[in-house]
file entry-v6.txt (compact mmCIF, C-alpha atoms)
# COMPACT_ATOMS: atom_id res chain seq x y z
CA MET A 5 -27.88 2.18 10.25
CA ALA A 6 -25.77 1.03 13.20
CA ARG A 7 -27.18 1.71 16.69
CA TYR A 8 -25.29 1.73 19.98
CA LEU A 9 -27.24 -0.31 22.54
CA LYS A 10 -24.42 0.34 25.00
CA ASN A 11 -21.65 2.91 24.75
CA GLY A 12 -18.58 3.68 26.80
CA ILE A 13 -16.14 6.53 27.23
CA ASP A 14 -15.69 8.50 24.01
CA VAL A 15 -12.71 7.84 21.75
CA GLU A 16 -11.15 11.25 22.40
CA THR A 17 -11.05 10.56 26.12
CA LYS A 18 -9.53 7.12 25.57
CA LEU A 19 -6.76 8.45 23.34
CA LYS A 20 -5.98 11.60 25.29
CA THR A 21 -2.36 11.75 26.39
CA ASP A 22 -1.90 11.74 30.14
CA THR A 23 0.32 14.76 30.74
CA LYS A 24 1.39 13.52 34.16
CA VAL A 25 2.51 10.15 32.71
CA ARG A 26 4.49 11.91 30.00
CA GLU A 27 6.28 14.17 32.48
CA ILE A 28 7.15 11.31 34.84
CA VAL A 29 8.58 9.27 31.96
CA GLU A 30 10.62 12.21 30.65
CA GLY A 31 12.14 12.76 34.07
CA ILE A 32 13.10 9.14 34.73
CA LEU A 33 14.58 8.63 31.26
CA ALA A 34 16.69 11.77 31.70
CA GLU A 35 17.96 10.36 35.00
CA VAL A 36 18.82 7.02 33.39
CA GLU A 37 20.76 8.93 30.74
CA GLU A 38 22.75 10.78 33.40
CA HIS A 39 23.12 8.27 36.23
CA GLY A 40 22.63 4.83 34.65
CA ASP A 41 22.39 1.92 37.06
CA ALA A 42 21.90 4.20 40.07
CA THR A 43 18.63 5.42 38.55
CA VAL A 44 17.48 1.89 37.78
CA ARG A 45 18.10 0.96 41.40
CA LYS A 46 16.46 4.13 42.75
CA TYR A 47 13.17 3.58 40.95
CA SER A 48 13.22 -0.19 41.36
CA GLU A 49 13.37 0.39 45.11
CA LYS A 50 10.66 3.06 44.92
CA PHE A 51 8.14 1.26 42.71
CA ASP A 52 8.93 -2.43 43.20
CA ASN A 53 10.70 -2.54 46.59
CA TRP A 54 13.43 -4.44 44.77
CA SER A 55 17.16 -3.77 45.06
CA PRO A 56 19.21 -6.89 44.30
CA LYS A 57 23.00 -6.97 44.15
CA ASN A 58 22.70 -7.34 40.36
CA PHE A 59 19.61 -6.83 38.22
CA ARG A 60 20.97 -9.31 35.68
CA LEU A 61 20.27 -12.85 36.83
CA SER A 62 23.16 -15.27 37.14
CA ARG A 63 23.08 -18.79 35.74
CA ALA A 64 22.59 -20.08 39.28
CA GLU A 65 19.59 -17.79 39.82
CA ILE A 66 18.07 -18.92 36.52
CA ASP A 67 18.60 -22.57 37.40
CA ALA A 68 16.90 -21.99 40.75
CA CYS A 69 13.82 -20.78 38.87
CA TYR A 70 13.69 -24.10 36.99
CA GLU A 71 13.61 -25.86 40.36
CA ALA A 72 10.70 -23.66 41.46
CA VAL A 73 8.34 -24.71 38.66
CA THR A 74 6.78 -28.13 38.23
CA GLU A 75 7.54 -30.54 35.42
CA GLN A 76 4.00 -29.99 34.09
CA GLU A 77 4.56 -26.23 34.04
CA ARG A 78 7.86 -26.66 32.19
CA ASN A 79 6.21 -28.96 29.67
CA ASP A 80 3.33 -26.54 29.12
CA ILE A 81 5.78 -23.70 28.50
CA LYS A 82 7.72 -25.95 26.13
CA PHE A 83 4.54 -26.79 24.19
CA ALA A 84 3.51 -23.13 23.85
CA GLN A 85 7.01 -22.13 22.77
CA ALA A 86 7.10 -24.86 20.14
CA GLN A 87 3.95 -23.41 18.57
CA VAL A 88 5.28 -19.84 18.62
CA ARG A 89 8.66 -20.90 17.23
CA ASN A 90 7.09 -22.98 14.48
CA PHE A 91 4.85 -20.17 13.21
CA ALA A 92 7.64 -17.60 13.51
CA GLN A 93 9.88 -19.86 11.42
CA ILE A 94 7.13 -20.21 8.80
CA GLN A 95 6.95 -16.41 8.66
CA ARG A 96 10.74 -16.13 8.37
CA ASP A 97 10.83 -18.68 5.57
CA SER A 98 8.29 -16.60 3.63
CA MET A 99 10.75 -13.69 3.48
CA GLN A 100 13.22 -14.31 0.69
CA ASP A 101 16.34 -12.38 -0.26
CA VAL A 102 16.20 -11.33 -3.91
CA GLU A 103 18.76 -10.56 -6.61
CA VAL A 104 17.78 -9.90 -10.22
CA GLU A 105 19.26 -8.36 -13.37
CA THR A 106 16.74 -5.61 -14.09
CA LEU A 107 18.61 -4.20 -17.14
CA PRO A 108 21.60 -5.55 -19.09
CA GLY A 109 24.52 -5.23 -16.70
CA VAL A 110 22.40 -3.88 -13.81
CA THR A 111 21.82 -6.19 -10.83
CA LEU A 112 19.61 -5.17 -7.92
CA GLY A 113 18.81 -7.04 -4.74
CA HIS A 114 17.76 -6.91 -1.15
CA LYS A 115 18.73 -8.82 1.97
CA HIS A 116 16.76 -9.24 5.19
CA VAL A 117 19.31 -8.31 7.85
CA PRO A 118 18.54 -8.90 11.55
CA VAL A 119 19.14 -6.11 14.04
CA ASN A 120 22.10 -6.83 16.29
CA ALA A 121 20.39 -6.47 19.65
CA ALA A 122 16.80 -6.56 20.86
CA GLY A 123 15.29 -5.74 24.23
CA CYS A 124 12.17 -7.68 25.22
CA TYR A 125 9.93 -6.37 27.99
CA ILE A 126 7.73 -8.90 29.75
CA PRO A 127 5.07 -7.39 32.05
CA GLY A 128 4.74 -9.03 35.42
CA GLY A 129 3.48 -6.61 38.00
CA LYS A 130 -0.27 -7.37 38.17
CA TYR A 131 -0.30 -10.59 36.14
CA PRO A 132 2.87 -12.55 35.33
CA LEU A 133 2.57 -12.55 31.53
CA ILE A 134 4.63 -15.65 30.87
CA ALA A 135 3.46 -15.82 27.26
CA SER A 136 5.02 -12.44 26.46
CA ALA A 137 8.43 -14.07 26.86
CA HIS A 138 7.61 -16.55 24.10
CA MET A 139 6.22 -13.89 21.81
CA SER A 140 9.19 -11.56 21.96
CA VAL A 141 12.30 -13.61 22.74
CA ILE A 142 11.55 -16.53 20.43
CA THR A 143 10.46 -14.29 17.56
CA ALA A 144 13.68 -12.29 17.82
CA LYS A 145 15.81 -15.42 17.88
CA VAL A 146 14.03 -16.95 14.88
CA ALA A 147 14.69 -13.68 13.04
CA GLY A 148 18.40 -14.17 13.74
CA VAL A 149 19.04 -11.47 16.35
CA LYS A 150 22.44 -12.17 17.92
CA ARG A 151 21.82 -10.56 21.31
CA VAL A 152 18.39 -10.75 22.90
CA ILE A 153 17.91 -9.38 26.39
CA ALA A 154 14.74 -9.91 28.40
CA CYS A 155 13.45 -7.82 31.27
CA ALA A 156 10.56 -8.44 33.70
CA PRO A 157 9.72 -6.80 37.01
CA PRO A 158 9.76 -8.73 40.27
CA PHE A 159 6.56 -10.50 41.27
CA ASN A 160 5.78 -10.70 44.97
CA GLY A 161 9.28 -9.53 45.80
CA LYS A 162 11.37 -11.79 43.57
CA PRO A 163 11.87 -12.86 39.94
CA HIS A 164 8.83 -14.82 38.80
CA PRO A 165 10.17 -18.36 38.26
CA ALA A 166 7.95 -19.27 35.30
CA ILE A 167 8.73 -16.00 33.48
CA VAL A 168 12.46 -16.55 33.96
CA VAL A 169 12.17 -20.15 32.75
CA ALA A 170 10.23 -19.00 29.68
CA MET A 171 12.82 -16.32 28.92
CA ASP A 172 15.65 -18.82 29.21
CA MET A 173 13.92 -21.59 27.26
CA GLY A 174 13.09 -19.02 24.58
CA GLY A 175 16.77 -18.26 24.10
CA ALA A 176 17.36 -14.97 25.91
CA ASP A 177 21.06 -14.16 26.12
CA GLU A 178 20.69 -11.85 29.14
CA ILE A 179 17.88 -11.89 31.71
CA TYR A 180 17.17 -8.96 34.04
CA CYS A 181 14.71 -8.58 36.88
CA ALA A 182 13.69 -4.94 36.54
CA GLY A 183 10.47 -3.29 35.48
CA GLY A 184 8.78 -0.12 34.37
CA ILE A 185 10.28 3.02 32.89
CA GLN A 186 13.68 2.32 34.42
CA ALA A 187 13.90 -1.08 32.70
CA ILE A 188 12.92 0.39 29.32
CA GLY A 189 15.50 3.14 29.79
CA MET A 190 18.18 0.64 30.79
CA MET A 191 17.66 -1.39 27.63
CA ALA A 192 17.37 1.53 25.21
CA ILE A 193 19.84 4.03 26.66
CA GLY A 194 22.23 1.59 28.30
CA THR A 195 23.89 1.68 31.71
CA GLU A 196 27.22 0.63 33.21
CA THR A 197 26.06 -2.99 33.34
CA CYS A 198 23.73 -3.21 30.33
CA ASP A 199 24.68 -2.30 26.78
CA PRO A 200 21.91 -0.61 24.77
CA VAL A 201 19.79 -2.46 22.22
CA ASP A 202 18.62 -1.54 18.73
CA ILE A 203 14.90 -2.28 19.16
CA LEU A 204 12.45 -2.54 22.05
CA VAL A 205 9.47 -4.90 21.94
CA GLY A 206 6.78 -6.13 24.25
CA PRO A 207 3.62 -4.86 25.96
CA GLY A 208 3.39 -2.91 29.20
CA ASN A 209 1.40 -0.40 31.19
CA ALA A 210 0.88 3.27 30.31
CA PHE A 211 4.32 4.22 31.65
CA VAL A 212 6.09 1.54 29.63
CA ALA A 213 4.17 2.49 26.49
CA GLU A 214 5.03 6.17 26.97
CA ALA A 215 8.70 5.34 27.56
CA LYS A 216 8.80 3.42 24.29
CA ARG A 217 7.11 6.33 22.52
CA GLN A 218 9.67 8.80 23.82
CA LEU A 219 12.59 6.54 22.90
CA PHE A 220 11.33 5.78 19.39
CA GLY A 221 13.90 7.04 16.92
CA ARG A 222 16.76 6.47 19.31
CA VAL A 223 15.80 2.81 19.05
CA GLY A 224 13.19 1.00 17.03
CA ILE A 225 10.02 -0.26 18.67
CA ASP A 226 7.48 -2.89 17.74
CA LEU A 227 4.41 -0.64 18.06
CA PHE A 228 2.66 1.79 20.37
CA ALA A 229 0.61 -0.41 22.68
CA GLY A 230 -2.27 0.73 24.86
CA PRO A 231 -4.76 -1.22 26.98
CA THR A 232 -5.88 -4.59 25.61
CA GLU A 233 -8.88 -4.37 23.26
CA THR A 234 -11.29 -7.06 22.15
CA MET A 235 -14.17 -7.15 19.71
CA ILE A 236 -16.68 -9.87 19.00
CA ILE A 237 -18.53 -9.99 15.70
CA ALA A 238 -21.47 -12.37 16.05
CA ASP A 239 -24.82 -13.25 14.55
CA ASP A 240 -27.69 -15.47 15.66
CA THR A 241 -25.53 -18.60 15.38
CA SER A 242 -23.87 -17.47 18.59
CA ASP A 243 -25.31 -16.99 22.09
CA GLY A 244 -25.02 -14.55 24.96
CA GLU A 245 -23.16 -16.88 27.29
CA ILE A 246 -20.14 -17.44 25.03
CA CYS A 247 -20.08 -13.81 23.87
CA ALA A 248 -20.07 -12.56 27.47
CA ALA A 249 -17.35 -15.01 28.48
CA ASP A 250 -15.13 -13.90 25.60
CA LEU A 251 -15.72 -10.19 26.24
CA LEU A 252 -14.94 -10.48 29.95
CA GLY A 253 -12.02 -12.77 29.14
CA GLN A 254 -10.13 -9.79 27.74
CA ALA A 255 -11.70 -7.05 29.86
CA GLU A 256 -10.00 -8.56 32.91
CA HIS A 257 -6.67 -7.23 31.63
CA GLY A 258 -7.47 -3.85 33.15
CA VAL A 259 -10.19 -1.40 34.06
CA ASN A 260 -9.52 0.56 30.86
CA SER A 261 -9.67 -2.40 28.43
CA PRO A 262 -12.32 -1.85 25.73
CA ALA A 263 -14.67 -4.76 24.92
CA VAL A 264 -17.03 -4.41 21.94
CA LEU A 265 -19.84 -6.56 20.56
CA ILE A 266 -20.92 -5.97 16.96
CA THR A 267 -23.97 -7.97 15.91
CA ASN A 268 -26.95 -7.98 13.56
CA SER A 269 -29.10 -9.76 16.17
CA GLU A 270 -30.86 -7.60 18.74
CA LYS A 271 -31.72 -10.71 20.76
CA LEU A 272 -28.03 -11.68 20.95
CA ALA A 273 -27.13 -8.12 21.93
CA ASN A 274 -29.58 -8.09 24.84
CA ASP A 275 -28.72 -11.65 25.88
CA THR A 276 -25.02 -10.76 25.96
CA ILE A 277 -25.60 -7.65 28.09
CA ALA A 278 -27.59 -9.76 30.56
CA GLU A 279 -24.94 -12.51 30.60
CA VAL A 280 -22.14 -10.02 31.24
CA GLU A 281 -24.04 -8.81 34.30
CA ARG A 282 -24.42 -12.38 35.54
CA GLN A 283 -20.87 -13.57 34.85
CA ARG A 284 -19.08 -10.51 36.22
CA HIS A 285 -20.45 -11.29 39.68
CA VAL A 286 -19.12 -14.86 39.74
CA LEU A 287 -15.82 -14.27 37.92
CA PRO A 288 -12.84 -14.02 40.32
CA THR A 289 -11.55 -11.05 38.31
CA GLY A 290 -15.07 -9.66 37.88
CA ASP A 291 -14.34 -6.39 39.65
CA ILE A 292 -11.73 -5.43 37.04
CA ALA A 293 -13.56 -6.88 34.05
CA GLY A 294 -16.87 -5.42 35.17
CA GLN A 295 -15.50 -1.91 35.56
CA ALA A 296 -13.88 -2.14 32.12
CA TRP A 297 -17.26 -3.18 30.70
CA ASP A 298 -19.06 -0.35 32.47
CA ASP A 299 -16.64 2.33 31.24
CA TYR A 300 -15.39 0.98 27.91
CA GLY A 301 -17.88 -1.68 26.82
CA GLN A 302 -19.90 -1.18 23.65
CA VAL A 303 -22.72 -3.07 21.96
CA ILE A 304 -23.35 -2.04 18.36
CA LEU A 305 -26.38 -3.34 16.46
CA CYS A 306 -26.00 -3.43 12.67
CA ASP A 307 -28.36 -4.27 9.82
CA SER A 308 -26.04 -6.43 7.69
CA TYR A 309 -22.67 -8.13 7.38
CA GLU A 310 -21.52 -5.19 5.25
CA GLU A 311 -22.36 -2.72 8.00
CA MET A 312 -20.70 -4.97 10.58
CA VAL A 313 -17.48 -4.88 8.52
CA GLU A 314 -17.73 -1.09 8.21
CA MET A 315 -18.12 -0.65 11.97
CA ALA A 316 -15.39 -3.17 12.76
CA ASP A 317 -12.94 -1.41 10.47
CA PHE A 318 -13.84 1.91 12.08
CA VAL A 319 -13.12 0.57 15.57
CA ALA A 320 -9.93 -1.17 14.33
CA SER A 321 -9.67 -3.42 17.39
CA GLU A 322 -6.61 -5.31 18.56
CA HIS A 323 -8.41 -8.68 18.80
CA VAL A 324 -11.42 -9.51 16.63
CA GLN A 325 -13.33 -12.73 17.28
CA VAL A 326 -15.80 -13.73 14.56
CA MET A 327 -18.65 -16.08 15.48
CA THR A 328 -21.00 -16.01 12.50
CA LYS A 329 -22.42 -18.32 9.84
CA ASP A 330 -19.63 -17.28 7.47
CA PRO A 331 -16.47 -16.18 9.34
CA ASN A 332 -14.47 -16.12 6.10
CA TYR A 333 -16.59 -13.20 4.88
CA PHE A 334 -14.88 -11.06 7.52
CA LEU A 335 -11.44 -12.46 6.73
CA GLU A 336 -11.95 -11.52 3.09
CA ASN A 337 -13.46 -8.08 3.68
CA MET A 338 -12.03 -6.58 6.87
CA THR A 339 -8.88 -4.44 6.65
CA ASN A 340 -8.33 -2.99 10.15
CA TYR A 341 -7.57 -5.50 12.91
CA GLY A 342 -4.64 -6.79 14.94
CA ALA A 343 -5.58 -10.46 14.76
CA LEU A 344 -8.68 -12.39 13.68
CA PHE A 345 -10.08 -15.41 15.51
CA LEU A 346 -12.41 -17.17 13.11
CA GLY A 347 -15.27 -19.38 14.27
CA HIS A 348 -16.93 -20.41 17.52
CA GLU A 349 -14.22 -22.99 18.19
CA THR A 350 -11.35 -20.56 18.78
CA ASN A 351 -10.91 -17.56 21.06
CA VAL A 352 -8.49 -14.76 21.93
CA ALA A 353 -7.00 -16.65 24.88
CA TYR A 354 -5.65 -19.27 22.45
CA GLY A 355 -3.78 -16.54 20.62
CA ASP A 356 -2.67 -14.88 23.84
CA LYS A 357 -1.15 -17.99 25.34
CA VAL A 358 -0.46 -20.98 23.16
CA ILE A 359 -1.61 -21.39 19.58
CA GLY A 360 1.42 -19.81 17.91
CA THR A 361 0.38 -16.44 16.49
CA ASN A 362 1.93 -13.45 18.23
CA HIS A 363 -0.05 -11.68 20.94
CA THR A 364 1.75 -8.32 20.78
CA LEU A 365 -0.75 -6.45 18.62
CA PRO A 366 -1.74 -2.89 17.66
CA THR A 367 -4.17 -0.92 19.83
CA ASN A 368 -5.66 2.60 19.79
CA LYS A 369 -6.63 2.25 16.12
CA ALA A 370 -3.04 1.51 15.08
CA ALA A 371 -4.42 -1.51 13.20
CA ARG A 372 -5.22 0.99 10.45
CA TYR A 373 -1.52 1.09 9.54
CA THR A 374 0.34 -1.79 11.17
CA GLY A 375 0.05 -5.42 12.11
CA GLY A 376 1.49 -6.97 15.24
CA LEU A 377 4.90 -8.23 16.29
CA TRP A 378 6.45 -10.80 13.95
CA VAL A 379 9.89 -11.82 12.72
CA GLY A 380 9.86 -8.99 10.16
CA LYS A 381 9.96 -6.41 12.99
CA PHE A 382 13.48 -7.60 13.83
CA LEU A 383 14.67 -7.53 10.21
CA LYS A 384 15.90 -4.64 8.08
CA THR A 385 15.23 -5.08 4.38
CA CYS A 386 18.40 -3.56 2.91
CA THR A 387 18.92 -3.05 -0.81
CA TYR A 388 22.12 -3.24 -2.88
CA GLN A 389 23.17 -2.82 -6.50
CA ARG A 390 25.93 -4.15 -8.73
CA VAL A 391 26.61 -2.69 -12.23
CA THR A 392 28.93 -3.59 -15.13
CA GLU A 393 30.77 -0.96 -17.16
CA GLU A 394 28.23 -1.30 -19.97
CA GLY A 395 25.35 -1.00 -17.53
CA SER A 396 26.95 2.04 -15.91
CA VAL A 397 27.17 3.82 -19.27
CA MET A 398 23.53 3.15 -20.07
CA VAL A 399 22.21 4.22 -16.67
CA GLY A 400 24.74 7.03 -16.41
CA GLU A 401 23.43 8.88 -19.47
CA TYR A 402 19.94 9.03 -17.97
CA CYS A 403 21.30 9.91 -14.54
CA SER A 404 23.44 12.77 -15.90
CA ARG A 405 20.49 14.41 -17.64
CA LEU A 406 18.13 13.90 -14.69
CA CYS A 407 20.66 15.44 -12.28
CA ALA A 408 21.04 18.44 -14.60
CA MET A 409 17.26 18.91 -14.54
CA GLU A 410 17.40 19.16 -10.76
CA GLY A 411 20.50 21.36 -10.64
CA PHE A 412 22.59 18.79 -8.75
CA ALA A 413 26.03 19.38 -10.29
CA ALA A 414 27.94 17.04 -7.99
CA HIS A 415 25.39 14.28 -8.51
CA LYS A 416 25.75 14.80 -12.27
CA GLU A 417 29.53 14.46 -12.01
CA GLN A 418 29.13 11.07 -10.34
CA ALA A 419 27.51 9.87 -13.55
CA ASP A 420 29.72 11.89 -15.93
CA ILE A 421 33.01 10.60 -14.54
CA ARG A 422 31.88 7.05 -15.28
CA LEU A 423 30.71 7.99 -18.74
CA ARG A 424 34.16 9.41 -19.48
CA ARG A 425 35.98 6.38 -18.09
CA PHE A 426 33.79 3.57 -19.37
CA SER A 427 32.54 4.92 -22.72
CA GLY A 428 35.24 7.35 -23.78
CA GLN A 429 32.62 10.07 -24.25
CA ASN A 430 34.09 13.56 -24.36
CA ILE A 431 32.09 14.97 -21.46
CA GLN A 432 33.37 18.10 -19.80
CA GLY A 433 34.73 17.46 -16.30
CA LEU A 434 34.52 19.66 -13.24
CA ASP A 435 38.18 20.75 -13.56
CA SER A 436 37.47 22.26 -16.98
CA LEU A 437 34.45 24.26 -15.87
CA PRO A 438 34.80 27.96 -14.96
CA SER A 439 34.74 28.63 -11.24
CA PRO A 440 31.49 30.18 -10.13
CA ARG A 441 31.83 33.85 -9.28
CA LYS A 442 31.96 34.43 -5.56
CA SER A 443 29.47 36.83 -4.09
CA ALA A 444 30.88 40.10 -2.86
call {"tool": "encode", "arguments": {"input": "entry-v6.txt", "output": "structure tokens"}}
result
Amino acid sequence: MARYLKNGIDVETKLKTDTKVREIVEGILAEVEEHGDATVRKYSEKFDNWSPKNFRLSRAEIDACYEAVTEQERNDIKFAQAQVRNFAQIQRDSMQDVEVETLPGVTLGHKHVPVNAAGCYIPGGKYPLIASAHMSVITAKVAGVKRVIACAPPFNGKPHPAIVVAMDMGGADEIYCAGGIQAIGMMAIGTETCDPVDILVGPGNAFVAEAKRQLFGRVGIDLFAGPTETMIIADDTSDGEICAADLLGQAEHGVNSPAVLITNSEKLANDTIAEVERQRHVLPTGDIAGQAWDDYGQVILCDSYEEMVEMADFVASEHVQVMTKDPNYFLENMTNYGALFLGHETNVAYGDKVIGTNHTLPTNKAARYTGGLWVGKFLKTCTYQRVTEEGSVMVGEYCSRLCAMEGFAAHKEQADIRLRRFSGQNIQGLDSLPSPRKSA
């Protein structure tokens, strides 16, 4: 039976909606709806001390950002984007349109149709998440989205040059320097200077996540994203030093980022706890990562691989790193995860920054029902049908009787009118039926 050697804040507390956040988001979105750009400016000044002449960057401003980054930085961005684009294209190529004759004279099909406009949010307040530009903008473009707009908040009082370069190199059609709720509202609702989009994607803080939740339905979203989560599944082939480094490597995202170790080795569990304590005091971001470990860290000791899978699927973590004798066992048996990182040689940072898989992934147990951002999120799978006269007669006879069973007279007539026209069957039409008696 699994035992918790270290536990954190209970799940109910982690998932509890912050009423204050919800109310703030509702208010700002209502203001964007009513006042448009003026609201964007108001809250950009309030939260970011940022009030440019235009929030949309000009070509000259974008070019100036290229001048502000080194050639090595541009090349590194180019390399990372090549990996993301390549894997996104492989995913797109796996999605085929279909058309097949399912019955004589009956042809059915579907097409994968891109949305017309996508809004990509790139966080940049605490850390400039350059990689989020690759993950959202490039994926949308590979999917075939015609208009992709990208939004990131100012960093240290100005657009972050590397984020802007990554947005532009990724293929963004419009680039804005705005952040938070007001930026999400601008993209989804639209303002005088920004037309609304069809889908919002990208990570963000609690306010951004809540804004996306409230706007879902008005626009599509990629997923409901909470604080970054990481899980390590390890056995005695691993060691405390590497497990601690990989746990803290994601815990530094924020003080509410869960980090979980699942193992069948009590020695590894204790070694990892000791190593976390050592490393947090020498890590430059140790204050953040250490607090996250204190409040949200867990160490779960299991008896077997089977129990480790059971616990991992229960937690349903965003990132799951597997460092065991047989990593493929977990690939073959786990069902609830955002992304798997198999073997001692890889790690979550590779996926976050450069290797090519998308880093926008489900949190808060959403891995039970969805995967992460990919080209399919920007595509609508739309069906169509084409029928010959002979096929219409055959299907129509079934349809007429089935509609009668349900009492749908007008539906039935859709079938009957075709049976009369294409088969010559003497089927009574609506104009020959007695009018229903009107109620007094």
call {"tool": "residues_around", "arguments": {"input": "entry-v6.txt", "residues": "segment 410-420 of chain A", "least_positions_apart": "5", "cutoff": "12 Å", "atoms": "only C-alpha atoms", "output": "MDAnalysis selection string"}}
result
chainID A and resid 393 395:405 425:435 437
call {"tool": "residues_around", "arguments": {"input": "entry-v6.txt", "residues": "Glu310 of chain A", "least_positions_apart": "2", "cutoff": "12 Å", "atoms": "only C-alpha atoms", "output": "PyMOL selection string"}}
result
chain A and resi 5-6+237+266-268+306-308+312-317+333-334+336-338
call {"tool": "closest_residue", "arguments": {"input": "entry-v6.txt", "among": "A:Thr364, A:Asn120, A:Gln254, A:Thr374", "to": "Ala320 of chain A", "atoms": "all atoms listed in the file"}}
result
A:Thr374
call {"tool": "residues_around", "arguments": {"input": "entry-v6.txt", "residues": "Asn160 of chain A", "least_positions_apart": "4", "cutoff": "12 Å", "atoms": "only C-alpha atoms", "output": "count of residues only"}}
result
10
call {"tool": "closest_residue", "arguments": {"input": "entry-v6.txt", "among": "A:Ala68, A:Ala121, A:Met99, A:Leu112", "to": "Thr387 of chain A", "atoms": "only C-alpha atoms"}}
result
A:Leu112
call {"tool": "closest_residue", "arguments": {"input": "entry-v6.txt", "among": "A:Ile203, A:Leu346, A:Ile179, A:Met327", "to": "Cys247 of chain A", "atoms": "all atoms listed in the file"}}
result
A:Met327
call {"tool": "closest_residue", "arguments": {"input": "entry-v6.txt", "among": "A:Asn332, A:Gln186, A:Gln100, A:Asn58", "to": "Glu35 of chain A", "atoms": "all atoms listed in the file"}}
result
A:Gln186
call {"tool": "atom_distance", "arguments": {"input": "entry-v6.txt", "atom1": "atom CA of His116 of chain A", "atom2": "atom CA of Ala135 of chain A"}}
result
26.6 Å
call {"tool": "residues_near_point", "arguments": {"input": "entry-v6.txt", "point": "(-12.6, -7.5, 23.6)", "cutoff": "9 Å", "atoms": "only C-alpha atoms", "output": "CSV table (one decimal) with C-alpha atoms, in the coordinates of the input"}}
result
chain,number,residue,atom,x,y,z
A,232,THR,CA,-5.9,-4.6,25.6
A,233,GLU,CA,-8.9,-4.4,23.3
A,234,THR,CA,-11.3,-7.1,22.2
A,235,MET,CA,-14.2,-7.2,19.7
A,236,ILE,CA,-16.7,-9.9,19.0
A,250,ASP,CA,-15.1,-13.9,25.6
A,251,LEU,CA,-15.7,-10.2,26.2
A,252,LEU,CA,-14.9,-10.5,30.0
A,253,GLY,CA,-12.0,-12.8,29.1
A,254,GLN,CA,-10.1,-9.8,27.7
A,255,ALA,CA,-11.7,-7.0,29.9
A,261,SER,CA,-9.7,-2.4,28.4
A,262,PRO,CA,-12.3,-1.8,25.7
A,263,ALA,CA,-14.7,-4.8,24.9
A,264,VAL,CA,-17.0,-4.4,21.9
A,265,LEU,CA,-19.8,-6.6,20.6
A,301,GLY,CA,-17.9,-1.7,26.8
A,321,SER,CA,-9.7,-3.4,17.4
A,322,GLU,CA,-6.6,-5.3,18.6
A,323,HIS,CA,-8.4,-8.7,18.8
A,324,VAL,CA,-11.4,-9.5,16.6
A,325,GLN,CA,-13.3,-12.7,17.3
A,352,VAL,CA,-8.5,-14.8,21.9
call {"tool": "residues_around", "arguments": {"input": "entry-v6.txt", "residues": "His363 of chain A", "least_positions_apart": "3", "cutoff": "7 Å", "atoms": "only C-alpha atoms", "output": "PDB file with C-alpha atoms, in the coordinates of the input"}}
result
ATOM      1  CA  MET A 139       6.220 -13.890  21.810  1.00  0.00           C
ATOM      2  CA  GLY A 355      -3.780 -16.540  20.620  1.00  0.00           C
ATOM      3  CA  ASP A 356      -2.670 -14.880  23.840  1.00  0.00           C
TER       4      ASP A 356
END
call {"tool": "atom_distance", "arguments": {"input": "entry-v6.txt", "atom1": "atom CA of Tyr125 of chain A", "atom2": "atom CA of Ala42 of chain A"}}
result
20.0 Å
call {"tool": "residues_around", "arguments": {"input": "entry-v6.txt", "residues": "segment 283-290 of chain A", "least_positions_apart": "5", "cutoff": "8 Å", "atoms": "all atoms listed in the file", "output": "short mmCIF file (atom, residue, chain, number, x, y, z; two decimals) with C-alpha atoms, in the coordinates of the input"}}
result
data_model
loop_
_atom_site.label_atom_id
_atom_site.label_comp_id
_atom_site.auth_asym_id
_atom_site.auth_seq_id
_atom_site.Cartn_x
_atom_site.Cartn_y
_atom_site.Cartn_z
CA ALA A 248 -20.07 -12.56 27.47
CA ALA A 249 -17.35 -15.01 28.48
CA LEU A 252 -14.94 -10.48 29.95
CA GLU A 256 -10.00 -8.56 32.91
#
call {"tool": "closest_residue", "arguments": {"input": "entry-v6.txt", "among": "A:Glu77, A:Asp299, A:Glu394, A:Glu30", "to": "Phe211 of chain A", "atoms": "only C-alpha atoms"}}
result
A:Glu30
call {"tool": "atom_distance", "arguments": {"input": "entry-v6.txt", "atom1": "atom CA of Asp199 of chain A", "atom2": "atom CA of Leu219 of chain A"}}
result
15.5 Å
call {"tool": "closest_residue", "arguments": {"input": "entry-v6.txt", "among": "A:Ala371, A:Ala238, A:Ile13, A:Ile94", "to": "His348 of chain A", "atoms": "only C-alpha atoms"}}
result
A:Ala238
